[in-house]
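Notes for the one structure printed next.
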2 protein chains.
Amino acid sequence: MSNNHPQGPIGIFDSGVGGLTIARAVRALMPYEDILYFGDTLHLPYGEKSPDAIRRYSDAIARFLLKNEAKCILIACNSASANAFHHLKNNFPEVLFINVIDPVVDYVRQKDYASVGVIGTKATISSNAYQKRLNGVSKQVIAKATPLLAAMIEEGFTDGDVAESVITAYLGNDHVSHSDALILGCTHYPLISEKIQNIVDDHCEIIDGPGIIATFTKDQLEARKLMAARQKPGTIRMYVSDHTPSFARLASLFFGDNLDLKEQNLAYDPLG
Amino acid sequence: MSNNHPQGPIGIFDSGVGGLTIARAVRALMPYEDILYFGDTLHLPYGEKSPDAIRRYSDAIARFLLKNEAKCILIACNSASANAFHHLKNNFPEVLFINVIDPVVDYVRQKDYASVGVIGTKATISSNAYQKRLNGVSKQVIAKATPLLAAMIEEGFTDGDVAESVITAYLGNDHVSHSDALILGCTHYPLISEKIQNIVDDHCEIIDGPGIIATFTKDQLEARKLMAARQKPGTIRMYVSDHTPSFARLASLFFGDNLDLKEQNLAYDPLG
């Protein structure tokens, strides 16, 4: 299955609201593109699931996005990027898949950080996806799983004592906070990047993942002559596998009236 | 499908570690009974899922427990008790199902509280299961969803600043904390009951859900002559749909060497 129509939408998926930070950056950089988003809220959080489960879900979602004529698929979830990217490329060899890890590692490669930290879900950190790619790129790589952060953000605690105590529990006086640059290895985390900046060392640069990934996506589409040739704002269609108020709230905060949000059930292969 | 062998195990299920508080109380009260536990960690947390999804998962789990000769099924999860109890009774009319809500409401009925509070996941609170049953039992019923608590406990934050700030964010100076008695409407919450007691009013009694439910289960088994006639400690077999370190850690903390823990995948009906 593959679609090479420049007018097709940019497909984006995540387990929940996290990928919306990527969708927002894509929208800001390429306002004329249609966006087709799938939030697998029925199975969130992916960060706690096994690699097998994540691959099975990602597979069904890719099939859905391609059936709806996505011209590329942005895996806007680090757990899925770490655990399902190669699996998806093998299963759909003609399709342009973009993960949220490689563009950020490429960005880091161009810099000269003595040490780079990365925080993310258990699934992302224990996959070693960042650590392997950053090996040789930066002298020192410090990785730490911070599993409650995504759930906290899904629940709307992006400010106040809760956000502060949870972020402090993970990052306060931890090695990862003393690095030269910090990768937010979960697409939820940009929603609390200011709070994180307050707790890590002053010299530690929080890397702008969504901006980097949107730019990378644009470059890829241009290189393949896949940019939409239209001069009016693209449509934004979003599907979730389970309607949740927090998704609806954040999606409408980000995209307002432009948004078309529906519930959609997918058939998943049983676990092998 | 039904099993009426007194030697069969007591079936217990939950989406994750929460139901272990119920299993522990069952074990303490009925040490000679075999326990067969299913933790649907692949789909945790149930508290964020739709009623449809919860029913579908519960159905597959009940089928698994019955195939393994469970003589009764304890729905050790409030979200599933609220959303799937009647569904399960309809689908398996011969089977003794015990939910974690009715025994606690019966306990409250025997007391004379002027006001009763209940906290739980979004799915439990928005199902109104407690509120409907407590209507007429207590003069005032105050319900509040506290969704991040279960994830926090799954992540092991049962003490320290994080537990305190999250519990305070939900319960500090909230109406629910001024009631005469507080129902912990999520099987995870007994793991932080002391912390909760510190934040609610001194006169507010935290109701011992696991103890009440274990006693209710024993009464039901005795009435049906289904108690196991053996005089040595029963076996404890646990299955999870996705192996997670937090489940293994807590299960072994509770049951130590007696424990036999395996991963088991179930086939679920697609969403209707």
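In the structure tokens, each chain is lettered A, B, ... as it comes, each chain's residues begin at 1, and ligands are numbered from 1 in order of appearance.
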
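Copy-to-copy comparison places chain B at a Cα RMSD of 0.0 Å from chain A, following a least-squares fit over all residues.
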
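The residues of range 91-141 of chain B that DSSP classifies as strand (DSSP E or B), using the backbone of this structure, are Phe97, Ile98, Asn99, Ser115, Val116, Gly117, Val118, Ile119, Gly120, Asn135, Ser138, Gln140 and Val141 of chain B.
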
Residues from last step as file, N, CA and C atoms, as a compact mmCIF listing (two decimals), in the first residue's frame:
# COMPACT_ATOMS: atom_id res chain seq x y z
N PHE B 97 -20.75 -13.88 40.57
CA PHE B 97 -19.87 -12.72 40.42
C PHE B 97 -19.99 -11.84 41.65
N ILE B 98 -18.89 -11.33 42.13
CA ILE B 98 -18.90 -10.40 43.26
C ILE B 98 -18.22 -9.12 42.81
N ASN B 99 -18.93 -8.00 42.95
CA ASN B 99 -18.28 -6.74 42.58
C ASN B 99 -17.76 -6.07 43.85
N SER B 115 -22.82 11.95 56.14
CA SER B 115 -22.33 12.19 54.78
C SER B 115 -21.25 11.16 54.45
N VAL B 116 -21.26 10.73 53.20
CA VAL B 116 -20.28 9.75 52.73
C VAL B 116 -19.62 10.29 51.47
N GLY B 117 -18.31 10.24 51.42
CA GLY B 117 -17.58 10.64 50.23
C GLY B 117 -17.11 9.42 49.47
N VAL B 118 -16.95 9.56 48.17
CA VAL B 118 -16.38 8.47 47.38
C VAL B 118 -15.44 9.05 46.34
N ILE B 119 -14.25 8.47 46.24
CA ILE B 119 -13.30 8.91 45.22
C ILE B 119 -12.96 7.70 44.34
N GLY B 120 -12.67 7.95 43.08
CA GLY B 120 -12.37 6.85 42.15
C GLY B 120 -11.92 7.38 40.80
N ASN B 135 -27.76 6.43 47.33
CA ASN B 135 -28.92 7.32 47.38
C ASN B 135 -29.95 6.75 48.37
N SER B 138 -27.29 7.22 52.69
CA SER B 138 -26.66 8.30 53.44
C SER B 138 -27.32 9.61 53.04
N GLN B 140 -26.07 12.54 52.66
CA GLN B 140 -25.33 13.31 51.66
C GLN B 140 -24.23 12.43 51.04
N VAL B 141 -24.14 12.43 49.74
CA VAL B 141 -23.11 11.67 49.04
C VAL B 141 -22.29 12.63 48.19

Restrict the distance test to only C-alpha atoms, flag each residue of chain A within 8 Å of chain B, and return the flagged residues as a PDB file with C-alpha atoms, in the first residue's frame.
ATOM      1  CA  LEU A  42      -8.237   3.112  23.754  1.00  0.00           C
ATOM      2  CA  HIS A  43      -4.709   1.824  24.366  1.00  0.00           C
ATOM      3  CA  GLU A  48       3.597   0.981  29.542  1.00  0.00           C
ATOM      4  CA  LYS A  49       2.901  -1.542  26.770  1.00  0.00           C
ATOM      5  CA  SER A  50       5.149  -4.300  25.453  1.00  0.00           C
ATOM      6  CA  ALA A  53       1.511  -4.743  21.616  1.00  0.00           C
ATOM      7  CA  PRO A 147       6.834   7.304  33.416  1.00  0.00           C
ATOM      8  CA  LEU A 148       4.276   9.302  35.412  1.00  0.00           C
ATOM      9  CA  ALA A 151      -0.228  10.401  32.561  1.00  0.00           C
ATOM     10  CA  MET A 152       0.089  13.608  34.555  1.00  0.00           C
ATOM     11  CA  GLU A 155      -4.783  14.530  33.266  1.00  0.00           C
ATOM     12  CA  ASP A 161       2.349  21.773  42.848  1.00  0.00           C
ATOM     13  CA  VAL A 162       1.633  18.420  41.203  1.00  0.00           C
ATOM     14  CA  SER A 165       6.680  17.754  42.633  1.00  0.00           C
ATOM     15  CA  VAL A 166       6.519  15.061  39.949  1.00  0.00           C
ATOM     16  CA  ALA A 169      10.987  13.776  41.897  1.00  0.00           C
ATOM     17  CA  ASP A 242     -11.925   5.993  22.499  1.00  0.00           C
ATOM     18  CA  HIS A 243     -13.428   9.394  23.098  1.00  0.00           C
ATOM     19  CA  THR A 244     -11.768  11.086  26.100  1.00  0.00           C
ATOM     20  CA  ASN A 265     -12.576   1.571  16.097  1.00  0.00           C
ATOM     21  CA  ALA A 267      -9.516  -4.266  14.186  1.00  0.00           C
ATOM     22  CA  PRO A 270      -4.313 -10.765  18.116  1.00  0.00           C
ATOM     23  CA  LEU A 271      -0.969 -10.827  19.903  1.00  0.00           C
TER      24      LEU A 271
END

Note to self: For His203 in chain A, find every residue with an atom within 10 Å (counting only C-alpha atoms), except residues of its own chain fewer than 4 positions away, and show them as a ChimeraX atom specification.
What the structure shows: /A:177-181,197

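Between CA of Pro9 in chain B and CA of Thr235 in chain B the separation is 8.5 Å.
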
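Our summary of the geometry notes that CA of Ile101 in chain A is positioned 26.4 Å from CA of Asp159 in chain A.
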